[in-house]
Amino acid sequence: MADLSAFSESYAEARAKFLEAAAPAVAHYRHPQANGPSGEKLFLDVAVIGPADAPRVLAAGCGTHGIEGYSGSAALTHWLRSGGAQRMPRDAAVVLFHAHNPWGFAHKTRTTEENVDLNRNFIDFSRPLPVNRGYDELHGMVTPETWNEATIRNIFKELDAFRQRVGEKAFSDAFNGGQYAHADGIYYGGERAQWANGAFRRAVREHLGRARHVAFIDLHTGIGPRYEHVYLCFHPQGSPGYERARAWWGERAVNRAGVTHKALAAYSGTIIDAFSAMLPEAETTAIVVEFGTLPREGVQRAGMAQRWLRFEGAKHPELANQVQREYEEAFYPSEPRWRECVLAQSLEFLDRGVAGISYV
Ligand SMILES: [Zn+2]
């Protein structure tokens, strides 16, 4: 049985393990207002392993979607504990971001303190907000007041009809591409930059601004077959970033192998797009890695459950407890085999990232 001690059941526990494994090389960005459920302070913590002025940097981060950070945190801590720093060449550094969205991480939910999906929040708020007419149509459907099997079955029936009418791609765009008009909806991108958005930008400027070759892996859970990880590469086909991802992690890094969506949405405001845009002087390779948990319908159900919990759950405390447990299993499975797979696979692709950035 593998050592699963890198996994945690609270934000404070995960943070303590990460800080200990990365010590002393950690900078802290504290959330000025919000706290965790037990009043704990919230931070984006950034560990710099290797020279601060390294020209080649592999960055990896977790918790863009709050609760999904439990497995990403374990992956980063495990890599540090396994002696990852000793496996690095001298002119490269690894920069690890712990808890992009610490509020969601601590409260075991996907969104920020303003119900914002941080991975739709990196848009230019000085311009008119993106419009998602498809979501406008779905909003009433996916935001039920009551949560029970009959209601959920009915929602999926209506979603199927919508999908058949508009096609897979338009369905994905509508459902989870991101929307900016319904603050009490799902995949809400917000009406202003979140604290977590600003903290990430500051950290990138401060710790990566001097690097010339930078790669970034944003760790998630949800999409993909259980016990496996999938890559989401958004560099245009044939571009240098696309070719680097393919050279470092293989064909599956770019061909969407294993992705459980029939058509992926055109996401707006993602953290990996923002990452590359923030470093125009550097050659960047940015990729999402998802540890698969449930079939797509299960993840969709969880997305709607999260929204129900937030806006209706307080009226039904007993049911809310049960839905919360089901929700947590969808993004942070407790099954030991699943957790073992996260550790073994992340060790390998993080080391491959280090090797890749070292020889570009
Ligand atoms: Zn995610």
# chains A, B, ... in the order shown; residues from 1 in each chain; ligands from 1
>>> select_by_dssp(residues="segment 226-300 of chain A", states="helix (DSSP H, G or I)", output="MDAnalysis selection string")
chainID A and resid 240:249 251:253 271:278 296:300
>>> write_last_selection(atoms="N, CA and C atoms", output="mmCIF file, in the first residue's frame")
data_model
loop_
_atom_site.group_PDB
_atom_site.id
_atom_site.type_symbol
_atom_site.label_atom_id
_atom_site.label_comp_id
_atom_site.auth_asym_id
_atom_site.auth_seq_id
_atom_site.Cartn_x
_atom_site.Cartn_y
_atom_site.Cartn_z
ATOM 1 N N PRO A 240 4.746 26.600 -31.505
ATOM 2 C CA PRO A 240 5.884 26.103 -30.713
ATOM 3 C C PRO A 240 5.452 25.538 -29.352
ATOM 4 N N GLY A 241 4.500 26.176 -28.681
ATOM 5 C CA GLY A 241 4.038 25.671 -27.384
ATOM 6 C C GLY A 241 3.430 24.285 -27.519
ATOM 7 N N TYR A 242 2.636 24.102 -28.561
ATOM 8 C CA TYR A 242 1.992 22.819 -28.857
ATOM 9 C C TYR A 242 3.058 21.742 -29.103
ATOM 10 N N GLU A 243 4.066 22.093 -29.897
ATOM 11 C CA GLU A 243 5.109 21.112 -30.218
ATOM 12 C C GLU A 243 5.960 20.775 -28.990
ATOM 13 N N ARG A 244 6.187 21.765 -28.119
ATOM 14 C CA ARG A 244 6.945 21.466 -26.895
ATOM 15 C C ARG A 244 6.148 20.517 -25.992
ATOM 16 N N ALA A 245 4.868 20.803 -25.833
ATOM 17 C CA ALA A 245 4.037 19.923 -24.993
ATOM 18 C C ALA A 245 4.082 18.489 -25.527
ATOM 19 N N ARG A 246 4.011 18.363 -26.851
ATOM 20 C CA ARG A 246 4.029 17.031 -27.456
ATOM 21 C C ARG A 246 5.388 16.349 -27.226
ATOM 22 N N ALA A 247 6.464 17.133 -27.362
ATOM 23 C CA ALA A 247 7.805 16.548 -27.184
ATOM 24 C C ALA A 247 8.026 16.113 -25.739
ATOM 25 N N TRP A 248 7.481 16.845 -24.786
ATOM 26 C CA TRP A 248 7.755 16.546 -23.377
ATOM 27 C C TRP A 248 6.867 15.440 -22.827
ATOM 28 N N TRP A 249 5.594 15.475 -23.194
ATOM 29 C CA TRP A 249 4.659 14.541 -22.570
ATOM 30 C C TRP A 249 4.040 13.541 -23.545
ATOM 31 N N GLU A 251 2.244 12.360 -27.481
ATOM 32 C CA GLU A 251 1.091 12.695 -28.333
ATOM 33 C C GLU A 251 -0.168 12.997 -27.513
ATOM 34 N N ARG A 252 -0.338 12.267 -26.411
ATOM 35 C CA ARG A 252 -1.567 12.431 -25.630
ATOM 36 C C ARG A 252 -1.658 13.800 -24.968
ATOM 37 N N ALA A 253 -0.531 14.525 -24.897
ATOM 38 C CA ALA A 253 -0.564 15.872 -24.320
ATOM 39 C C ALA A 253 -1.325 16.842 -25.213
ATOM 40 N N ILE A 271 -6.799 30.568 -16.501
ATOM 41 C CA ILE A 271 -5.548 30.956 -15.849
ATOM 42 C C ILE A 271 -4.340 30.631 -16.739
ATOM 43 N N ILE A 272 -4.427 29.563 -17.529
ATOM 44 C CA ILE A 272 -3.244 29.252 -18.358
ATOM 45 C C ILE A 272 -3.106 30.236 -19.519
ATOM 46 N N ASP A 273 -4.220 30.705 -20.057
ATOM 47 C CA ASP A 273 -4.120 31.742 -21.101
ATOM 48 C C ASP A 273 -3.533 33.016 -20.504
ATOM 49 N N ALA A 274 -4.013 33.376 -19.305
ATOM 50 C CA ALA A 274 -3.514 34.585 -18.651
ATOM 51 C C ALA A 274 -2.024 34.445 -18.363
ATOM 52 N N PHE A 275 -1.624 33.256 -17.972
ATOM 53 C CA PHE A 275 -0.223 33.002 -17.642
ATOM 54 C C PHE A 275 0.683 33.339 -18.833
ATOM 55 N N SER A 276 0.358 32.793 -19.992
ATOM 56 C CA SER A 276 1.193 33.052 -21.169
ATOM 57 C C SER A 276 1.153 34.533 -21.533
ATOM 58 N N ALA A 277 -0.020 35.161 -21.426
ATOM 59 C CA ALA A 277 -0.141 36.579 -21.790
ATOM 60 C C ALA A 277 0.662 37.483 -20.853
ATOM 61 N N MET A 278 0.844 37.047 -19.605
ATOM 62 C CA MET A 278 1.573 37.853 -18.626
ATOM 63 C C MET A 278 3.076 37.867 -18.881
ATOM 64 N N ARG A 296 -18.779 12.306 -17.459
ATOM 65 C CA ARG A 296 -19.125 13.720 -17.573
ATOM 66 C C ARG A 296 -20.427 14.076 -16.852
ATOM 67 N N GLU A 297 -21.428 13.180 -16.968
ATOM 68 C CA GLU A 297 -22.714 13.504 -16.328
ATOM 69 C C GLU A 297 -22.556 13.673 -14.816
ATOM 70 N N GLY A 298 -21.670 12.870 -14.222
ATOM 71 C CA GLY A 298 -21.426 12.975 -12.779
ATOM 72 C C GLY A 298 -20.792 14.309 -12.412
ATOM 73 N N VAL A 299 -19.896 14.782 -13.274
ATOM 74 C CA VAL A 299 -19.244 16.067 -13.008
ATOM 75 C C VAL A 299 -20.239 17.209 -13.218
ATOM 76 N N GLN A 300 -21.088 17.061 -14.227
ATOM 77 C CA GLN A 300 -22.118 18.088 -14.455
ATOM 78 C C GLN A 300 -23.077 18.152 -13.268
#
>>> residues_around(residues="segment 92-100 of chain A", least_positions_apart="6", cutoff="7 Å", atoms="only C-alpha atoms", output="PyMOL selection string")
chain A and resi 44-51+54-64+69+73+196+200+358
>>> write_last_selection(atoms="all heavy atoms", output="short mmCIF file (atom, residue, chain, number, x, y, z; two decimals), in the first residue's frame")
data_model
loop_
_atom_site.label_atom_id
_atom_site.label_comp_id
_atom_site.auth_asym_id
_atom_site.auth_seq_id
_atom_site.Cartn_x
_atom_site.Cartn_y
_atom_site.Cartn_z
N LEU A 44 -2.25 32.38 -0.93
CA LEU A 44 -1.57 31.74 -2.05
C LEU A 44 -0.11 31.64 -1.60
O LEU A 44 0.49 32.66 -1.27
CB LEU A 44 -1.67 32.61 -3.32
CG LEU A 44 -0.74 32.19 -4.46
CD1 LEU A 44 -1.08 30.80 -5.00
CD2 LEU A 44 -0.80 33.22 -5.60
N ASP A 45 0.41 30.43 -1.53
CA ASP A 45 1.81 30.23 -1.14
C ASP A 45 2.61 29.84 -2.38
O ASP A 45 2.15 29.02 -3.18
CB ASP A 45 1.92 29.11 -0.09
CG ASP A 45 1.24 29.48 1.21
OD1 ASP A 45 1.65 30.48 1.83
OD2 ASP A 45 0.27 28.79 1.60
N VAL A 46 3.77 30.42 -2.52
CA VAL A 46 4.58 30.17 -3.71
C VAL A 46 5.98 29.71 -3.29
O VAL A 46 6.70 30.45 -2.61
CB VAL A 46 4.68 31.44 -4.58
CG1 VAL A 46 5.50 31.15 -5.84
CG2 VAL A 46 3.29 31.94 -4.96
N ALA A 47 6.32 28.50 -3.69
CA ALA A 47 7.65 27.95 -3.37
C ALA A 47 8.56 28.06 -4.59
O ALA A 47 8.16 27.70 -5.69
CB ALA A 47 7.52 26.48 -2.96
N VAL A 48 9.75 28.58 -4.38
CA VAL A 48 10.74 28.67 -5.46
C VAL A 48 11.87 27.70 -5.12
O VAL A 48 12.61 27.90 -4.15
CB VAL A 48 11.30 30.10 -5.61
CG1 VAL A 48 12.32 30.15 -6.75
CG2 VAL A 48 10.16 31.08 -5.87
N ILE A 49 11.98 26.65 -5.91
CA ILE A 49 12.99 25.62 -5.68
C ILE A 49 14.06 25.81 -6.75
O ILE A 49 13.78 25.64 -7.93
CB ILE A 49 12.38 24.20 -5.80
CG1 ILE A 49 11.07 24.09 -5.03
CG2 ILE A 49 13.39 23.15 -5.37
CD1 ILE A 49 11.15 24.27 -3.56
N GLY A 50 15.25 26.19 -6.31
CA GLY A 50 16.31 26.47 -7.28
C GLY A 50 16.60 27.96 -7.31
O GLY A 50 16.03 28.73 -6.54
N PRO A 51 17.50 28.40 -8.23
CA PRO A 51 17.90 29.82 -8.24
C PRO A 51 16.73 30.74 -8.59
O PRO A 51 15.95 30.45 -9.49
CB PRO A 51 18.97 29.88 -9.34
CG PRO A 51 19.12 28.51 -9.88
CD PRO A 51 18.18 27.59 -9.24
N ALA A 54 16.69 31.90 -12.24
CA ALA A 54 16.90 30.84 -13.25
C ALA A 54 16.25 31.24 -14.57
O ALA A 54 15.12 31.72 -14.59
CB ALA A 54 16.31 29.52 -12.75
N PRO A 55 16.94 31.03 -15.68
CA PRO A 55 16.34 31.36 -16.97
C PRO A 55 15.28 30.35 -17.42
O PRO A 55 14.46 30.64 -18.28
CB PRO A 55 17.54 31.33 -17.94
CG PRO A 55 18.55 30.46 -17.27
CD PRO A 55 18.34 30.59 -15.79
N ARG A 56 15.29 29.17 -16.81
CA ARG A 56 14.33 28.12 -17.19
C ARG A 56 13.54 27.72 -15.96
O ARG A 56 14.12 27.33 -14.95
CB ARG A 56 15.08 26.87 -17.68
CG ARG A 56 15.93 27.12 -18.88
CD ARG A 56 17.06 26.11 -18.97
NE ARG A 56 17.95 26.48 -20.05
CZ ARG A 56 17.69 26.21 -21.33
NH1 ARG A 56 16.63 25.51 -21.65
NH2 ARG A 56 18.50 26.63 -22.27
N VAL A 57 12.22 27.82 -16.07
CA VAL A 57 11.39 27.54 -14.89
C VAL A 57 10.21 26.66 -15.27
O VAL A 57 9.48 26.94 -16.23
CB VAL A 57 10.85 28.85 -14.26
CG1 VAL A 57 10.01 28.52 -13.04
CG2 VAL A 57 11.99 29.79 -13.90
N LEU A 58 10.03 25.61 -14.49
CA LEU A 58 8.78 24.85 -14.58
C LEU A 58 7.92 25.32 -13.42
O LEU A 58 8.32 25.24 -12.26
CB LEU A 58 9.02 23.35 -14.44
CG LEU A 58 7.70 22.56 -14.41
CD1 LEU A 58 7.11 22.39 -15.80
CD2 LEU A 58 7.85 21.20 -13.73
N ALA A 59 6.72 25.82 -13.72
CA ALA A 59 5.78 26.21 -12.68
C ALA A 59 4.65 25.20 -12.67
O ALA A 59 4.27 24.66 -13.71
CB ALA A 59 5.25 27.61 -12.96
N ALA A 60 4.14 24.93 -11.48
CA ALA A 60 2.96 24.06 -11.37
C ALA A 60 2.10 24.61 -10.25
O ALA A 60 2.62 25.09 -9.24
CB ALA A 60 3.36 22.61 -11.09
N GLY A 61 0.79 24.56 -10.44
CA GLY A 61 -0.09 25.13 -9.43
C GLY A 61 -1.34 24.29 -9.25
O GLY A 61 -1.69 23.46 -10.09
N CYS A 62 -2.01 24.51 -8.13
CA CYS A 62 -3.21 23.74 -7.83
C CYS A 62 -4.28 24.63 -7.21
O CYS A 62 -4.01 25.72 -6.73
CB CYS A 62 -2.88 22.60 -6.86
SG CYS A 62 -2.41 23.15 -5.21
N GLY A 63 -5.51 24.12 -7.21
CA GLY A 63 -6.58 24.80 -6.50
C GLY A 63 -7.19 25.98 -7.25
O GLY A 63 -7.84 26.81 -6.64
N THR A 64 -7.01 26.04 -8.57
CA THR A 64 -7.74 27.05 -9.35
C THR A 64 -9.23 26.86 -9.09
O THR A 64 -9.98 27.82 -8.93
CB THR A 64 -7.44 26.86 -10.86
OG1 THR A 64 -6.03 26.94 -11.05
CG2 THR A 64 -8.14 27.93 -11.69
N GLY A 69 -7.96 21.33 -5.55
CA GLY A 69 -6.59 21.53 -5.08
C GLY A 69 -6.10 20.48 -4.10
O GLY A 69 -4.89 20.36 -3.88
N SER A 73 -2.41 19.58 -4.43
CA SER A 73 -1.54 19.85 -3.29
C SER A 73 -0.75 18.60 -2.91
O SER A 73 0.47 18.65 -2.70
CB SER A 73 -2.40 20.31 -2.10
OG SER A 73 -1.65 20.33 -0.91
N ALA A 196 -7.99 36.34 -5.87
CA ALA A 196 -7.10 35.25 -6.29
C ALA A 196 -6.46 35.54 -7.65
O ALA A 196 -5.32 35.14 -7.91
CB ALA A 196 -7.87 33.93 -6.33
N PHE A 200 -2.39 35.87 -8.02
CA PHE A 200 -1.66 35.04 -8.98
C PHE A 200 -0.81 35.91 -9.91
O PHE A 200 0.36 35.62 -10.16
CB PHE A 200 -2.64 34.18 -9.79
CG PHE A 200 -1.98 33.27 -10.78
CD1 PHE A 200 -1.27 32.15 -10.35
CD2 PHE A 200 -2.04 33.53 -12.14
CE1 PHE A 200 -0.64 31.31 -11.26
CE2 PHE A 200 -1.41 32.70 -13.06
CZ PHE A 200 -0.72 31.58 -12.62
N SER A 358 14.36 21.93 -19.04
CA SER A 358 15.81 21.98 -18.87
C SER A 358 16.56 21.93 -20.19
O SER A 358 17.71 22.36 -20.27
CB SER A 358 16.27 20.80 -18.01
OG SER A 358 15.62 20.85 -16.77
#
>>> closest_atom_pairs(of="segment 213-283 of chain A", to="segment 322-336 of chain A", cutoff="10 Å", atoms="only C-alpha atoms", output="tab-separated table")
residue	atom	partner	partner_atom	distance
A:His220	CA	A:Phe331	CA	8.7
A:Thr221	CA	A:Phe331	CA	5.8
A:Gly222	CA	A:Phe331	CA	5.9
A:Ile223	CA	A:Phe331	CA	9.7
A:Arg226	CA	A:Pro333	CA	9.8
>>> residues_around(residues="Trp147 of chain A", least_positions_apart="3", cutoff="8 Å", atoms="only C-alpha atoms", output="list in words")
Pro144, Thr151, Ile152, Ala305 and Trp308 of chain A
>>> residues_around(residues="His31 of chain A", least_positions_apart="2", cutoff="8 Å", atoms="only C-alpha atoms", output="list in words")
Tyr29, Gln33, Ala34, Asn35, Lys41, Leu42, Phe43, Leu44, Trp195 and Ala196 of chain A
>>> write_last_selection(atoms="N, CA and C atoms", output="PDB file, in the first residue's frame")
ATOM      1  N   TYR A  29       1.031  35.113  -0.009  1.00  0.00           N
ATOM      2  CA  TYR A  29       0.122  36.187  -0.413  1.00  0.00           C
ATOM      3  C   TYR A  29      -1.176  35.957   0.355  1.00  0.00           C
ATOM      4  N   GLN A  33      -9.367  39.657   3.302  1.00  0.00           N
ATOM      5  CA  GLN A  33     -10.685  39.670   3.950  1.00  0.00           C
ATOM      6  C   GLN A  33     -11.190  38.297   4.362  1.00  0.00           C
ATOM      7  N   ALA A  34     -11.150  37.358   3.437  1.00  0.00           N
ATOM      8  CA  ALA A  34     -11.867  36.107   3.681  1.00  0.00           C
ATOM      9  C   ALA A  34     -11.049  35.134   4.523  1.00  0.00           C
ATOM     10  N   ASN A  35     -11.755  34.255   5.228  1.00  0.00           N
ATOM     11  CA  ASN A  35     -11.132  33.199   6.023  1.00  0.00           C
ATOM     12  C   ASN A  35     -11.710  31.841   5.644  1.00  0.00           C
ATOM     13  N   LYS A  41      -6.637  31.627   8.322  1.00  0.00           N
ATOM     14  CA  LYS A  41      -6.211  32.585   7.306  1.00  0.00           C
ATOM     15  C   LYS A  41      -5.963  31.859   5.992  1.00  0.00           C
ATOM     16  N   LEU A  42      -6.145  32.597   4.907  1.00  0.00           N
ATOM     17  CA  LEU A  42      -6.030  31.994   3.581  1.00  0.00           C
ATOM     18  C   LEU A  42      -4.897  32.648   2.793  1.00  0.00           C
ATOM     19  N   PHE A  43      -4.164  31.826   2.073  1.00  0.00           N
ATOM     20  CA  PHE A  43      -2.985  32.311   1.343  1.00  0.00           C
ATOM     21  C   PHE A  43      -2.859  31.641  -0.015  1.00  0.00           C
ATOM     22  N   LEU A  44      -2.254  32.375  -0.934  1.00  0.00           N
ATOM     23  CA  LEU A  44      -1.570  31.740  -2.054  1.00  0.00           C
ATOM     24  C   LEU A  44      -0.108  31.636  -1.602  1.00  0.00           C
ATOM     25  N   TRP A 195      -9.803  38.457  -5.890  1.00  0.00           N
ATOM     26  CA  TRP A 195      -8.538  38.609  -5.171  1.00  0.00           C
ATOM     27  C   TRP A 195      -7.526  37.570  -5.675  1.00  0.00           C
ATOM     28  N   ALA A 196      -7.991  36.340  -5.867  1.00  0.00           N
ATOM     29  CA  ALA A 196      -7.095  35.249  -6.287  1.00  0.00           C
ATOM     30  C   ALA A 196      -6.460  35.535  -7.652  1.00  0.00           C
TER      31      ALA A 196
END
>>> select_by_dssp(residues="segment 141-332 of chain A", states="strand (DSSP E)", output="list in words")
His213, Val214, Ala215, Phe216, Ile217, Asp218, Leu219, His220, Thr221, Gly222, His229, Val230, Tyr231, Leu232, Cys233, Glu283, Thr284, Thr285, Ala286, Ile287, Val288, Val289, Glu290, Phe291 and Gly292 of chain A
>>> write_last_selection(atoms="C-alpha atoms", output="compact mmCIF listing (two decimals), in the first residue's frame")
# COMPACT_ATOMS: atom_id res chain seq x y z
CA HIS A 213 11.68 29.68 -20.86
CA VAL A 214 8.68 28.93 -18.69
CA ALA A 215 6.25 26.05 -18.51
CA PHE A 216 3.10 25.98 -16.39
CA ILE A 217 1.03 22.99 -15.37
CA ASP A 218 -2.36 23.79 -13.83
CA LEU A 219 -3.61 20.78 -11.88
CA HIS A 220 -7.33 19.92 -11.86
CA THR A 221 -9.68 17.02 -11.23
CA GLY A 222 -12.88 15.93 -12.95
CA HIS A 229 -4.94 11.85 -16.10
CA VAL A 230 -5.64 13.78 -19.27
CA TYR A 231 -3.94 16.83 -20.74
CA LEU A 232 -5.72 19.89 -22.08
CA CYS A 233 -3.45 21.87 -24.38
CA GLU A 283 8.73 31.32 -24.40
CA THR A 284 5.80 29.70 -22.59
CA THR A 285 4.28 26.24 -22.57
CA ALA A 286 1.08 26.07 -20.54
CA ILE A 287 -1.07 23.02 -20.02
CA VAL A 288 -3.91 21.73 -17.85
CA VAL A 289 -3.70 18.27 -16.33
CA GLU A 290 -6.93 16.73 -15.09
CA PHE A 291 -7.12 13.66 -12.88
CA GLY A 292 -10.30 11.88 -14.00
>>> residues_around(residues="segment 119-123 of chain A", least_positions_apart="4", cutoff="8 Å", atoms="only C-alpha atoms", output="PyMOL selection string")
chain A and resi 64-65+178+187-190+192-194+197+267-271+274
>>> write_last_selection(atoms="C-alpha atoms", output="PDB file, in the first residue's frame")
ATOM      1  CA  THR A  64      -7.741  27.046  -9.353  1.00  0.00           C
ATOM      2  CA  HIS A  65     -11.007  25.239  -8.675  1.00  0.00           C
ATOM      3  CA  GLY A 178     -18.251  30.477 -18.811  1.00  0.00           C
ATOM      4  CA  TYR A 187     -19.458  28.568 -14.351  1.00  0.00           C
ATOM      5  CA  TYR A 188     -19.879  32.240 -13.453  1.00  0.00           C
ATOM      6  CA  GLY A 189     -16.838  34.310 -14.450  1.00  0.00           C
ATOM      7  CA  GLY A 190     -17.620  37.312 -12.241  1.00  0.00           C
ATOM      8  CA  ARG A 192     -14.581  41.928 -11.495  1.00  0.00           C
ATOM      9  CA  ALA A 193     -11.180  40.363 -11.018  1.00  0.00           C
ATOM     10  CA  GLN A 194     -11.143  38.183  -7.916  1.00  0.00           C
ATOM     11  CA  ASN A 197      -6.678  36.595  -9.826  1.00  0.00           C
ATOM     12  CA  TYR A 267     -13.403  28.600 -22.383  1.00  0.00           C
ATOM     13  CA  SER A 268     -12.991  32.290 -21.670  1.00  0.00           C
ATOM     14  CA  GLY A 269     -10.692  33.740 -19.035  1.00  0.00           C
ATOM     15  CA  THR A 270      -8.578  30.709 -18.097  1.00  0.00           C
ATOM     16  CA  ILE A 271      -5.548  30.956 -15.849  1.00  0.00           C
ATOM     17  CA  ALA A 274      -3.514  34.585 -18.651  1.00  0.00           C
TER      18      ALA A 274
END
>>> atom_distance(atom1="atom CA of Val254 of chain A", atom2="atom CA of Ile357 of chain A")
17.1 Å
>>> residues_around(residues="His316 of chain A", least_positions_apart="5", cutoff="10 Å", atoms="only C-alpha atoms", output="number ranges by chain")
A: 146-147, 309, 321
>>> residues_around(residues="Arg337 of chain A", least_positions_apart="5", cutoff="10 Å", atoms="only C-alpha atoms", output="list in words")
Met1, Ala2, Leu4, Tyr227 and Val342 of chain A
>>> write_last_selection(atoms="all heavy atoms", output="compact mmCIF listing (two decimals), in the first residue's frame")
# COMPACT_ATOMS: atom_id res chain seq x y z
N MET A 1 0.85 -1.20 0.00
CA MET A 1 0.00 0.00 0.00
C MET A 1 0.89 1.25 0.00
O MET A 1 1.82 1.37 0.80
CB MET A 1 -0.87 -0.06 1.26
CG MET A 1 -1.66 1.18 1.54
SD MET A 1 -3.30 1.14 0.84
CE MET A 1 -3.77 2.84 1.13
N ALA A 2 0.60 2.14 -0.91
CA ALA A 2 1.43 3.34 -1.06
C ALA A 2 1.22 4.29 0.14
O ALA A 2 0.21 4.22 0.84
CB ALA A 2 1.05 4.06 -2.34
N LEU A 4 0.06 7.47 1.52
CA LEU A 4 -0.88 8.50 1.09
C LEU A 4 -0.87 9.70 2.04
O LEU A 4 -1.81 10.48 2.05
CB LEU A 4 -2.30 7.90 0.99
CG LEU A 4 -2.46 6.75 -0.01
CD1 LEU A 4 -3.90 6.21 0.01
CD2 LEU A 4 -2.11 7.21 -1.43
N TYR A 227 -8.83 7.08 -12.49
CA TYR A 227 -7.49 6.49 -12.32
C TYR A 227 -6.50 6.92 -13.40
O TYR A 227 -5.40 6.41 -13.47
CB TYR A 227 -7.52 4.94 -12.28
CG TYR A 227 -8.58 4.38 -11.38
CD1 TYR A 227 -9.60 3.60 -11.91
CD2 TYR A 227 -8.57 4.64 -10.01
CE1 TYR A 227 -10.59 3.09 -11.09
CE2 TYR A 227 -9.55 4.13 -9.18
CZ TYR A 227 -10.57 3.37 -9.73
OH TYR A 227 -11.55 2.86 -8.92
N VAL A 342 -2.93 9.34 -8.47
CA VAL A 342 -2.57 10.76 -8.53
C VAL A 342 -1.08 10.93 -8.21
O VAL A 342 -0.36 11.63 -8.93
CB VAL A 342 -3.42 11.58 -7.54
CG1 VAL A 342 -2.84 12.98 -7.34
CG2 VAL A 342 -4.87 11.67 -8.02
>>> closest_residue(among="A:Phe105, A:Tyr359, A:Trp79, A:Phe18", to="ligand 1", atoms="only C-alpha atoms and all ligand atoms")
A:Phe105
>>> atom_distance(atom1="atom CA of Ser346 of chain A", atom2="atom CA of Asp117 of chain A")
24.1 Å
>>> closest_residue(among="A:Leu138, A:Met88, A:Ala320, A:Ala181", to="Phe162 of chain A", atoms="only C-alpha atoms")
A:Leu138
>>> closest_residue(among="A:Met141, A:Val166, A:Leu118, A:Ala203", to="Asn154 of chain A", atoms="only C-alpha atoms")
A:Met141
>>> closest_residue(among="A:Leu129, A:Pro37, A:Leu279, A:Val116", to="Arg212 of chain A", atoms="only C-alpha atoms")
A:Leu279
>>> closest_residue(among="A:Thr293, A:Glu20, A:Arg30, A:Ala74", to="ligand 1", atoms="only C-alpha atoms and all ligand atoms")
A:Thr293
>>> closest_residue(among="A:Ala52, A:Leu80, A:Cys341, A:Ile67", to="ligand 1", atoms="only C-alpha atoms and all ligand atoms")
A:Ile67
